[in-house]
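For reference, data-v1.cif (mmCIF, C-alpha atoms and all ligand atoms):
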data_model
#
loop_
_atom_site.label_atom_id
_atom_site.label_comp_id
_atom_site.auth_asym_id
_atom_site.auth_seq_id
_atom_site.Cartn_x
_atom_site.Cartn_y
_atom_site.Cartn_z
CA MET Q 214 -72.62 11.13 -4.95
CA GLU Q 215 -71.10 13.78 -7.12
CA GLN Q 216 -72.84 16.53 -5.17
CA SER Q 217 -71.95 15.10 -1.78
CA LEU Q 218 -68.28 14.90 -2.84
CA LYS Q 219 -68.33 18.56 -3.84
CA ASN Q 220 -69.99 19.50 -0.55
CA LEU Q 221 -67.37 17.49 1.33
CA GLU Q 222 -64.59 19.37 -0.47
CA GLN Q 223 -66.05 22.81 0.34
CA GLU Q 224 -66.65 21.83 3.95
CA ALA Q 225 -63.13 20.47 4.38
CA LEU Q 226 -61.46 23.49 2.76
CA LYS Q 227 -63.37 25.77 5.09
CA ALA Q 228 -62.39 23.69 8.14
CA ILE Q 229 -58.72 23.79 7.10
CA LYS Q 230 -58.84 27.53 6.57
CA ASN Q 231 -60.41 28.15 9.98
CA CYS Q 232 -57.85 26.18 11.98
CA ALA Q 233 -56.09 28.41 14.50
CA THR Q 234 -53.57 25.88 15.79
CA VAL Q 235 -51.53 22.94 14.48
CA GLU Q 236 -53.41 20.64 16.82
CA ALA Q 237 -56.76 21.68 15.31
CA LEU Q 238 -55.34 21.16 11.83
CA ARG Q 239 -54.17 17.66 12.76
CA GLU Q 240 -57.71 16.88 13.88
CA VAL Q 241 -59.16 18.08 10.59
CA GLU Q 242 -56.62 15.93 8.79
CA LEU Q 243 -57.77 12.94 10.79
CA GLU Q 244 -61.42 13.75 10.21
CA TYR Q 245 -61.04 13.50 6.45
CA PHE Q 246 -57.99 11.31 5.89
CA GLY Q 247 -58.13 9.05 8.96
CA ARG Q 248 -57.47 5.42 7.95
CA LYS Q 249 -60.35 4.01 9.93
CA ASP Q 250 -63.20 6.42 9.57
CA GLY Q 251 -61.97 9.41 7.58
CA LYS Q 252 -64.73 11.03 5.54
CA LEU Q 253 -62.73 11.04 2.32
CA THR Q 254 -61.24 7.64 3.09
CA ASN Q 255 -64.77 6.23 3.30
CA VAL Q 256 -65.74 7.78 -0.05
CA MET Q 257 -62.64 6.30 -1.71
CA ARG Q 258 -63.44 2.93 -0.21
CA SER Q 259 -67.04 2.97 -1.47
CA LEU Q 260 -65.98 3.62 -5.08
CA LYS Q 261 -65.58 -0.09 -5.70
CA ASP Q 262 -69.29 -0.70 -5.03
CA LEU Q 263 -70.44 1.73 -7.74
CA PRO Q 264 -71.88 0.47 -11.01
CA ALA Q 265 -69.06 -0.06 -13.51
CA ALA Q 266 -70.41 2.75 -15.73
CA ASP Q 267 -70.04 5.38 -12.97
CA LYS Q 268 -66.64 4.27 -11.71
CA PRO Q 269 -64.28 6.22 -14.01
CA LYS Q 270 -66.03 9.56 -13.61
CA MET Q 271 -66.48 9.32 -9.86
CA GLY Q 272 -62.98 7.92 -9.41
CA THR Q 273 -61.48 10.90 -11.20
CA LEU Q 274 -63.55 13.36 -9.24
CA ALA Q 275 -62.67 11.75 -5.90
CA ASN Q 276 -58.99 11.90 -6.80
CA THR Q 277 -59.18 15.59 -7.72
CA VAL Q 278 -60.80 16.35 -4.40
CA LYS Q 279 -58.17 14.29 -2.57
CA ILE Q 280 -55.32 16.17 -4.22
CA ALA Q 281 -56.91 19.56 -3.56
CA LEU Q 282 -57.35 18.76 0.13
CA GLU Q 283 -53.83 17.41 0.52
CA LYS Q 284 -52.45 20.61 -1.01
CA ALA Q 285 -54.56 22.83 1.24
CA LEU Q 286 -53.45 20.84 4.30
CA ALA Q 287 -49.76 21.03 3.39
CA ALA Q 288 -50.00 24.77 2.76
CA LYS Q 289 -51.68 25.38 6.09
CA PHE Q 290 -49.10 23.23 7.95
CA GLN Q 291 -46.40 25.34 6.33
CA THR Q 292 -47.91 28.60 7.62
CA PHE Q 293 -47.70 27.24 11.19
CA GLU Q 294 -44.12 26.12 10.59
CA ASN Q 295 -43.14 29.57 9.28
CA ALA Q 296 -44.79 31.34 12.17
CA LYS Q 297 -42.87 29.14 14.60
CA LEU Q 298 -39.52 29.92 12.93
CA GLU Q 299 -40.20 33.60 12.84
CA LYS Q 300 -41.04 33.57 16.52
CA GLU Q 301 -37.83 31.73 17.36
CA LEU Q 302 -35.75 34.16 15.36
CA SER Q 303 -37.30 37.20 16.97
CA ASN Q 304 -36.85 35.74 20.47
CA ASP Q 305 -33.13 34.91 20.13
CA PHE Q 306 -31.06 37.93 19.21
CA PHE Q 307 -28.81 36.88 16.37
CA ASP Q 308 -26.14 39.32 15.28
CA THR Q 309 -25.50 38.67 11.62
CA THR Q 310 -22.58 41.15 11.60
CA ILE Q 311 -20.33 39.05 13.88
CA PRO Q 312 -17.36 37.73 11.84
CA GLY Q 313 -17.25 33.94 11.42
CA LYS Q 314 -14.66 31.75 13.07
CA ALA Q 315 -11.46 31.95 11.02
CA ARG Q 316 -9.67 28.70 10.31
CA TYR Q 317 -5.88 28.76 10.34
CA VAL Q 318 -4.56 27.97 6.88
CA GLY Q 319 -0.99 26.72 6.57
CA HIS Q 320 1.46 27.86 3.90
CA ILE Q 321 4.76 27.03 2.28
CA HIS Q 322 7.90 27.55 4.39
CA PRO Q 323 9.98 30.60 3.35
CA VAL Q 324 12.97 28.40 2.45
CA THR Q 325 10.77 26.29 0.17
CA GLN Q 326 9.22 29.42 -1.35
CA VAL Q 327 12.64 30.73 -2.39
CA GLN Q 328 13.73 27.24 -3.48
CA GLU Q 329 10.75 27.04 -5.83
CA GLU Q 330 11.66 30.43 -7.27
CA VAL Q 331 15.27 29.33 -7.82
CA GLU Q 332 14.06 26.14 -9.51
CA ARG Q 333 11.74 28.11 -11.76
CA ILE Q 334 14.45 30.49 -12.95
CA PHE Q 335 17.03 27.77 -13.63
CA SER Q 336 14.41 25.63 -15.36
CA GLN Q 337 13.72 28.56 -17.67
CA MET Q 338 17.43 28.57 -18.50
CA GLY Q 339 17.37 24.87 -19.41
CA PHE Q 340 18.62 23.32 -16.16
CA ALA Q 341 17.07 20.11 -14.83
CA VAL Q 342 16.32 19.89 -11.09
CA MET Q 343 17.96 16.86 -9.45
CA ASP Q 344 17.75 15.20 -6.07
CA GLY Q 345 20.04 12.95 -4.04
CA PRO Q 346 20.15 11.12 -0.70
CA GLU Q 347 20.65 13.05 2.55
CA ILE Q 348 22.35 10.00 4.08
CA GLU Q 349 25.32 9.60 1.80
CA SER Q 350 28.44 7.44 1.60
CA GLU Q 351 31.85 8.89 2.45
CA TYR Q 352 32.83 8.16 -1.12
CA TYR Q 353 30.26 10.42 -2.76
CA ASN Q 354 30.54 13.08 -0.07
CA PHE Q 355 34.37 13.20 0.00
CA GLU Q 356 36.63 10.88 -2.03
CA GLY Q 357 34.71 11.14 -5.29
CA LEU Q 358 34.92 14.90 -4.95
CA ASN Q 359 38.69 14.80 -4.69
CA ILE Q 360 38.76 15.04 -0.89
CA PRO Q 361 40.86 12.03 0.27
CA ALA Q 362 40.50 10.75 3.83
CA ASP Q 363 43.83 12.18 4.99
CA HIS Q 364 43.40 15.51 3.24
CA PRO Q 365 43.18 18.64 5.40
CA ALA Q 366 40.18 19.78 3.31
CA ARG Q 367 38.12 17.24 5.25
CA ASP Q 368 38.39 19.54 8.24
CA MET Q 369 36.40 22.20 6.38
CA GLN Q 370 33.27 20.10 6.65
CA ASP Q 371 32.96 18.14 9.85
CA THR Q 372 30.07 15.75 9.64
CA PHE Q 373 27.84 13.24 11.43
CA PHE Q 374 28.68 9.58 10.92
CA ILE Q 375 25.90 7.02 10.84
CA GLN Q 376 27.17 3.90 12.56
CA GLU Q 377 24.62 1.29 11.58
CA LYS Q 378 25.23 1.11 7.87
CA ASN Q 379 28.56 0.59 6.19
CA ASP Q 380 28.60 0.48 2.43
CA THR Q 381 31.76 -1.61 1.89
CA LYS Q 382 32.30 -0.25 -1.60
CA HIS Q 383 31.74 3.38 -0.70
CA GLY Q 384 32.80 3.59 2.95
CA ARG Q 385 30.97 4.71 6.03
CA MET Q 386 27.62 6.47 5.83
CA VAL Q 387 27.43 10.15 6.72
CA LEU Q 388 24.87 12.89 6.70
CA ARG Q 389 25.93 14.73 3.54
CA THR Q 390 27.76 17.96 4.30
CA HIS Q 391 26.93 19.53 0.94
CA THR Q 392 24.87 18.93 -2.19
CA SER Q 393 28.03 18.34 -4.27
CA PRO Q 394 27.84 14.49 -4.10
CA VAL Q 395 24.84 14.69 -6.45
CA GLN Q 396 27.27 16.00 -9.12
CA ILE Q 397 28.89 12.57 -9.30
CA ARG Q 398 25.66 10.65 -9.00
CA THR Q 399 24.19 12.58 -11.92
CA MET Q 400 27.31 12.24 -14.11
CA GLU Q 401 27.30 8.48 -13.47
CA LYS Q 402 23.65 8.23 -14.36
CA TYR Q 403 23.31 10.58 -17.34
CA GLY Q 404 26.81 11.27 -18.65
CA ALA Q 405 27.65 14.42 -20.63
CA PRO Q 406 26.39 16.97 -21.58
CA LEU Q 407 24.61 18.02 -18.40
CA ARG Q 408 22.89 21.09 -17.06
CA ILE Q 409 21.48 20.62 -13.55
CA ILE Q 410 20.78 22.26 -10.23
CA VAL Q 411 20.38 20.35 -6.96
CA PRO Q 412 18.52 22.03 -4.14
CA GLY Q 413 18.78 20.09 -0.90
CA ARG Q 414 19.22 19.80 2.81
CA VAL Q 415 22.74 19.39 4.20
CA PHE Q 416 24.24 18.81 7.65
CA ARG Q 417 27.34 19.91 9.53
CA TYR Q 418 28.72 19.13 12.93
CA GLU Q 419 28.65 22.76 14.06
CA ALA Q 420 28.39 24.74 17.23
CA THR Q 421 25.04 26.46 16.74
CA ASP Q 422 24.78 30.24 16.80
CA ALA Q 423 22.93 32.99 14.94
CA SER Q 424 24.69 32.20 11.66
CA HIS Q 425 25.47 28.46 12.03
CA ASP Q 426 23.06 25.56 12.27
CA SER Q 427 23.56 21.80 12.03
CA THR Q 428 20.94 21.67 9.27
CA PHE Q 429 20.63 24.07 6.36
CA ASN Q 430 19.86 24.17 2.65
CA GLN Q 431 22.09 24.56 -0.39
CA VAL Q 432 21.71 24.71 -4.14
CA GLU Q 433 24.33 22.98 -6.28
CA GLY Q 434 24.81 23.73 -9.95
CA LEU Q 435 26.64 21.75 -12.63
CA LEU Q 436 27.06 22.39 -16.32
CA ILE Q 437 29.11 20.08 -18.52
CA ASP Q 438 29.50 20.45 -22.24
CA LYS Q 439 32.08 21.15 -24.92
CA ASN Q 440 34.01 24.44 -24.88
CA ILE Q 441 32.69 25.62 -21.53
CA SER Q 442 34.44 28.38 -19.59
CA LEU Q 443 33.91 30.42 -16.44
CA SER Q 444 32.53 33.29 -18.53
CA HIS Q 445 29.41 31.14 -19.09
CA LEU Q 446 29.07 30.85 -15.33
CA LYS Q 447 29.37 34.59 -14.93
CA GLY Q 448 26.61 35.15 -17.48
CA VAL Q 449 24.29 32.52 -16.01
CA MET Q 450 24.70 33.81 -12.44
CA ALA Q 451 24.23 37.48 -13.39
CA GLU Q 452 21.03 36.52 -15.22
CA PHE Q 453 19.82 34.27 -12.39
CA LEU Q 454 20.35 36.93 -9.69
CA THR Q 455 18.82 39.66 -11.86
CA ARG Q 456 15.68 37.57 -12.37
CA LEU Q 457 15.57 36.57 -8.69
CA PHE Q 458 15.91 40.09 -7.29
CA GLY Q 459 14.02 41.81 -10.10
CA LYS Q 460 16.74 44.39 -10.75
CA PRO Q 461 20.09 44.41 -12.56
CA VAL Q 462 22.78 42.57 -10.56
CA LYS Q 463 26.50 42.40 -11.36
CA VAL Q 464 28.78 39.54 -10.33
CA ARG Q 465 32.53 39.21 -9.85
CA PHE Q 466 34.98 36.38 -9.17
CA ARG Q 467 37.69 36.19 -6.53
CA PRO Q 468 40.12 33.29 -6.21
CA GLY Q 469 38.85 30.54 -3.91
CA TYR Q 470 39.82 27.00 -2.94
CA PHE Q 471 37.62 23.93 -3.15
CA PRO Q 472 39.18 20.50 -3.76
CA PHE Q 473 36.62 19.56 -6.42
CA VAL Q 474 37.33 22.48 -8.76
CA GLU Q 475 40.42 23.80 -10.52
CA PRO Q 476 40.62 26.75 -10.73
CA GLY Q 477 38.26 27.59 -7.89
CA VAL Q 478 36.52 30.90 -7.35
CA GLU Q 479 34.27 32.75 -4.98
CA LEU Q 480 31.44 34.67 -6.58
CA ASP Q 481 30.18 37.97 -5.16
CA PHE Q 482 27.25 40.05 -6.37
CA SER Q 483 26.86 43.82 -6.32
CA CYS Q 484 25.18 45.02 -3.14
CA LEU Q 485 21.48 45.59 -3.77
CA LEU Q 486 21.03 47.95 -0.87
CA CYS Q 487 23.62 50.59 -1.80
CA GLY Q 488 24.02 49.72 -5.48
CA GLY Q 489 27.76 49.23 -5.03
CA LYS Q 490 28.58 52.45 -3.18
CA GLY Q 491 29.26 50.70 0.10
CA CYS Q 492 27.02 50.26 3.17
CA ARG Q 493 26.55 48.30 6.39
CA VAL Q 494 25.20 45.20 4.60
CA CYS Q 495 28.19 44.85 2.24
CA LYS Q 496 30.66 46.01 4.89
CA GLN Q 497 31.48 49.09 2.77
CA SER Q 498 32.84 46.94 -0.07
CA GLY Q 499 29.91 47.26 -2.48
CA TRP Q 500 29.91 43.44 -2.92
CA VAL Q 501 28.14 40.58 -1.12
CA GLU Q 502 29.78 37.13 -0.89
CA PHE Q 503 27.47 34.62 -2.47
CA MET Q 504 28.94 31.24 -3.42
CA GLY Q 505 31.80 28.94 -4.25
CA ALA Q 506 32.39 27.73 -7.79
CA GLY Q 507 35.01 26.70 -10.31
CA MET Q 508 35.89 24.50 -13.25
CA VAL Q 509 35.08 20.89 -12.35
CA HIS Q 510 38.29 19.09 -11.35
CA GLU Q 511 39.56 16.42 -13.71
CA ASN Q 512 39.41 13.83 -10.93
CA VAL Q 513 35.75 14.59 -10.34
CA LEU Q 514 34.90 14.21 -14.02
CA LYS Q 515 36.77 10.91 -13.94
CA ALA Q 516 34.82 9.76 -10.89
CA GLY Q 517 31.63 10.58 -12.79
CA GLY Q 518 32.81 8.58 -15.80
CA ILE Q 519 33.19 11.58 -18.09
CA ASP Q 520 36.05 11.97 -20.58
CA SER Q 521 37.82 15.15 -19.48
CA LYS Q 522 39.58 15.42 -22.87
CA LYS Q 523 36.24 15.90 -24.58
CA TYR Q 524 34.17 17.66 -21.97
CA GLN Q 525 34.65 20.27 -19.30
CA GLY Q 526 32.31 22.24 -17.11
CA TRP Q 527 31.78 24.33 -14.07
CA ALA Q 528 30.03 23.77 -10.78
CA PHE Q 529 28.78 26.03 -8.04
CA GLY Q 530 27.21 25.77 -4.62
CA PHE Q 531 25.38 28.45 -2.68
CA GLY Q 532 23.55 28.58 0.61
CA LEU Q 533 19.82 28.69 0.03
CA THR Q 534 19.29 29.34 3.72
CA ARG Q 535 21.63 32.34 3.58
CA LEU Q 536 19.85 33.64 0.48
CA VAL Q 537 16.51 33.48 2.32
CA MET Q 538 18.06 35.33 5.29
CA MET Q 539 19.45 38.04 3.03
CA ARG Q 540 16.21 38.39 1.13
CA TYR Q 541 14.01 38.83 4.19
CA GLY Q 542 16.53 40.41 6.55
CA ILE Q 543 16.43 37.47 8.98
CA ASP Q 544 19.28 37.79 11.47
CA ASP Q 545 19.15 34.37 13.18
CA ILE Q 546 19.43 31.16 11.14
CA ARG Q 547 17.81 29.11 13.90
CA LEU Q 548 14.47 30.78 13.29
CA LEU Q 549 14.19 28.89 9.99
CA THR Q 550 14.29 25.44 11.58
CA GLY Q 551 12.73 26.32 14.94
CA GLY Q 552 9.13 25.72 13.87
CA GLU Q 553 7.96 28.85 15.68
CA LEU Q 554 4.65 29.76 14.06
CA ARG Q 555 4.69 33.42 15.13
CA PHE Q 556 7.84 33.75 13.04
CA LEU Q 557 6.73 31.62 10.07
CA LYS Q 558 3.35 33.33 9.73
CA GLN Q 559 5.09 36.48 8.52
CA PHE Q 560 6.01 34.95 5.17
N1 LIG Q 601 30.24 22.28 -1.62
C1 LIG Q 601 30.77 23.56 -1.23
C2 LIG Q 601 30.40 23.85 0.22
O1 LIG Q 601 29.50 23.27 0.71
C3 LIG Q 601 30.23 24.65 -2.10
C4 LIG Q 601 30.77 24.56 -3.49
C5 LIG Q 601 31.93 25.22 -3.84
C6 LIG Q 601 30.12 23.79 -4.42
C7 LIG Q 601 32.42 25.15 -5.10
C8 LIG Q 601 30.64 23.69 -5.73
C9 LIG Q 601 31.81 24.38 -6.04
O2 LIG Q 601 30.05 22.96 -6.66
O3 LIG Q 601 32.28 24.30 -7.31
O4 LIG Q 601 31.04 24.65 0.84
#

Please express the file's structure as structure tokens.
Ligand code: DAH
Amino acid sequence: MEQSLKNLEQEALKAIKNCATVEALREVELEYFGRKDGKLTNVMRSLKDLPAADKPKMGTLANTVKIALEKALAAKFQTFENAKLEKELSNDFFDTTIPGKARYVGHIHPVTQVQEEVERIFSQMGFAVMDGPEIESEYYNFEGLNIPADHPARDMQDTFFIQEKNDTKHGRMVLRTHTSPVQIRTMEKYGAPLRIIVPGRVFRYEATDASHDSTFNQVEGLLIDKNISLSHLKGVMAEFLTRLFGKPVKVRFRPGYFPFVEPGVELDFSCLLCGGKGCRVCKQSGWVEFMGAGMVHENVLKAGGIDSKKYQGWAFGFGLTRLVMMRYGIDDIRLLTGGELRFLKQF
């Protein structure tokens, strides 16, 4: 039996090697491994009838032969498979130099990009970043900030009233016209001392044009501590703008009026384009108007529950949207809320 097994192996290997087609190879596979009458199958089956003494040796040999044939079969099948693939590839011209299909990847809106930069710089200077509601009560938006209902200052910021909700304690609900209400909310919540900025979206009832939109973004600032003066504000803003623009920036104050500060100021910074000499951008003045600010009004500190005998501070508010427009030379504010991708993709 040993000899006939060896003969069978040689014979089968030769048959496998000589196959010219897959079909022929399948037939050889059947001839030896067929369940019913395969030559090797029959040998394996007959093992059980051998004398017990011969079983282990013959069993091992039969198994070795089986494994060798299976390997040879698999290898031969693979050569047919490879040949088929190669043929397919050479038939169909496939240009491997064609660029793949690009997927459009979204990115952060330019206003948010600048906002994140502003947050980073003020955080480095020890300011916390606060948030507040966009739908605000009349109290936080106006009265608490020293703008009584019958005061002409209300006309400076016409707003949208929300009819459905009426907070009886705090008046009608409005879309906030500025980020300043968060000053009071933060004072109420955390008390003094405080060092915060509040970036946020604000709304005005405006006729829309290239420089006015009903929705835009501001950044509020508030610092409350002992022995605070406007010179601290000057230092902080000069440092902030210098870090933001990456070159030395000077700031100056002019008198300004805002009901929630006393005294109030307007802050300008030295024109970056002409370095202060005077150009089209700064209207020949050498200075660019940047923001409103001032020492926090006593009534506002009181509304926030802070003892104005012990603490004082300053506040400021600037237009983030305007800052983005200045930075990138955007001449129409509406582009920033229009959702036009051809515009946004540039940033
Ligand atoms: N809230 C003002 C506005 O929207 C800006 C402003 C001015 C904010 C002076 C302040 C400030 O905190 O002190 O026009």

Which neighbours of Pro346 of chain Q fall inside 9 Å, counting all atoms listed in the file, when residues of the same chain fewer than 3 positions from it are skipped, and could you give them as a short mmCIF file (atom, residue, chain, number, x, y, z; two decimals) with C-alpha atoms, in the frame of the given file?
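Resulting contents of out.cif:
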data_model
loop_
_atom_site.label_atom_id
_atom_site.label_comp_id
_atom_site.auth_asym_id
_atom_site.auth_seq_id
_atom_site.Cartn_x
_atom_site.Cartn_y
_atom_site.Cartn_z
CA GLU Q 349 25.32 9.60 1.80
CA LEU Q 388 24.87 12.89 6.70
CA ARG Q 389 25.93 14.73 3.54
CA VAL Q 395 24.84 14.69 -6.45
#

Query raised in the report: Nearest to ligand LIG 601 (chain Q): which of Q:Gly518, Q:Pro269, Q:Gly413, Q:Gly448 is it, counting all atoms listed in the file?
Result: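 Checking each candidate against ligand LIG 601 (chain Q), we get Q:Gly413 as the closest.
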
**Report entry** Residue nearest ligand LIG 601 (chain Q) - candidates Q:Leu263, Q:Val513, Q:Ala451, Q:Leu549, atoms counted: only C-alpha atoms and all ligand atoms
**Finding:**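 Nearest to ligand LIG 601 (chain Q): Q:Val513.
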
Report the closest atom pair, with its distance in Å rounded to one decimal, for each residue of chain Q that has an atom no farther than 9 Å from ligand LIG 601 (chain Q); count all atoms listed in the file, sort by chain and then rising residue number, and write it as a Markdown table.
| residue | atom | partner | partner_atom | distance |
| --- | --- | --- | --- | --- |
| Q:Met369 | CA | Q:LIG601 | O4 | 8.1 |
| Q:Gln370 | CA | Q:LIG601 | O4 | 7.7 |
| Q:Thr390 | CA | Q:LIG601 | O1 | 6.6 |
| Q:His391 | CA | Q:LIG601 | O1 | 4.5 |
| Q:Thr392 | CA | Q:LIG601 | N1 | 6.4 |
| Q:Ser393 | CA | Q:LIG601 | N1 | 5.2 |
| Q:Pro394 | CA | Q:LIG601 | N1 | 8.5 |
| Q:Gln396 | CA | Q:LIG601 | O2 | 7.9 |
| Q:Val415 | CA | Q:LIG601 | O1 | 8.5 |
| Q:Gln431 | CA | Q:LIG601 | O1 | 7.6 |
| Q:Val432 | CA | Q:LIG601 | C6 | 8.5 |
| Q:Glu433 | CA | Q:LIG601 | O2 | 5.7 |
| Q:Gly434 | CA | Q:LIG601 | O2 | 6.2 |
| Q:Leu435 | CA | Q:LIG601 | O2 | 7.0 |
| Q:Gly469 | CA | Q:LIG601 | C7 | 8.5 |
| Q:Tyr470 | CA | Q:LIG601 | C7 | 7.9 |
| Q:Phe471 | CA | Q:LIG601 | C7 | 5.7 |
| Q:Pro472 | CA | Q:LIG601 | C7 | 8.3 |
| Q:Phe473 | CA | Q:LIG601 | O3 | 6.5 |
| Q:Val474 | CA | Q:LIG601 | O3 | 5.6 |
| Q:Glu475 | CA | Q:LIG601 | O3 | 8.8 |
| Q:Gly477 | CA | Q:LIG601 | O3 | 6.8 |
| Q:Val478 | CA | Q:LIG601 | C7 | 7.4 |
| Q:Glu479 | CA | Q:LIG601 | C7 | 7.8 |
| Q:Met504 | CA | Q:LIG601 | C5 | 6.7 |
| Q:Gly505 | CA | Q:LIG601 | C5 | 3.7 |
| Q:Ala506 | CA | Q:LIG601 | O3 | 3.5 |
| Q:Gly507 | CA | Q:LIG601 | O3 | 4.7 |
| Q:Met508 | CA | Q:LIG601 | O3 | 7.0 |
| Q:Val509 | CA | Q:LIG601 | O3 | 6.7 |
| Q:His510 | CA | Q:LIG601 | O3 | 8.9 |
| Q:Trp527 | CA | Q:LIG601 | O3 | 6.8 |
| Q:Ala528 | CA | Q:LIG601 | O3 | 4.2 |
| Q:Phe529 | CA | Q:LIG601 | O2 | 3.6 |
| Q:Gly530 | CA | Q:LIG601 | C6 | 3.5 |
| Q:Phe531 | CA | Q:LIG601 | C3 | 6.2 |
| Q:Gly532 | CA | Q:LIG601 | O1 | 8.0 |

Query - Near-Asn220 of chain Q list (12 Å; all atoms listed in the file; drop same-chain fewer than 6 positions) as a ChimeraX atom specification - result: /Q:214,226-227,252-253,275,278

Report task. Would you work out the distance separating atom CA of Arg467 of chain Q from atom CA of Ile410 of chain Q, expressed in Å to one decimal? Result ->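 We find that atom CA of Arg467 of chain Q and atom CA of Ile410 of chain Q lie 22.2 Å from each other.
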
Report task. Might you pull out every residue within 10 Å of Gln328 of chain Q, with only C-alpha atoms counted and same-chain residues fewer than 3 positions away left off, and present them as a PyMOL selection string? Result -> chain Q and resi 322-325+331-333+412-413+430-432+533-534+536-537

**Report entry** Proximity to Asn512 of chain Q - best of Q:Thr273, Q:Thr428, Q:Ser442, Q:Gln525, all atoms listed in the file
**Finding:**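 Checking each candidate against Asn512 of chain Q, we get Q:Gln525 as the closest.
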
Report task. List the neighbours of Tyr317 of chain Q out to 12 Å using only C-alpha atoms; skip same-chain residues closer than 3 positions along the sequence, and give me the result as number ranges by chain. Result -> Q: 314, 320, 554, 558

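The neighbours of Gly488 of chain Q here are the residues that come within 10 Å of it, using all atoms listed in the file and leaving out any residue fewer than 3 positions away in the same chain; they are Pro461, Val462, Lys463, Ser483, Cys484, Leu485, Gly491, Cys492, Gly499 and Trp500 of chain Q.
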
Query raised in the report: Do you know which residues lie at most 10 Å from (23.3, 26.7, -22.0), with coordinates as in the file and all atoms listed in the file counted, and could you write them as a list in words?
Result: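 Collected hits near the coordinates: Met338, Gly339, Phe340, Leu407, Arg408, Leu436, Ile437, Asp438, Ile441, His445, Leu446 and Val449 of chain Q.
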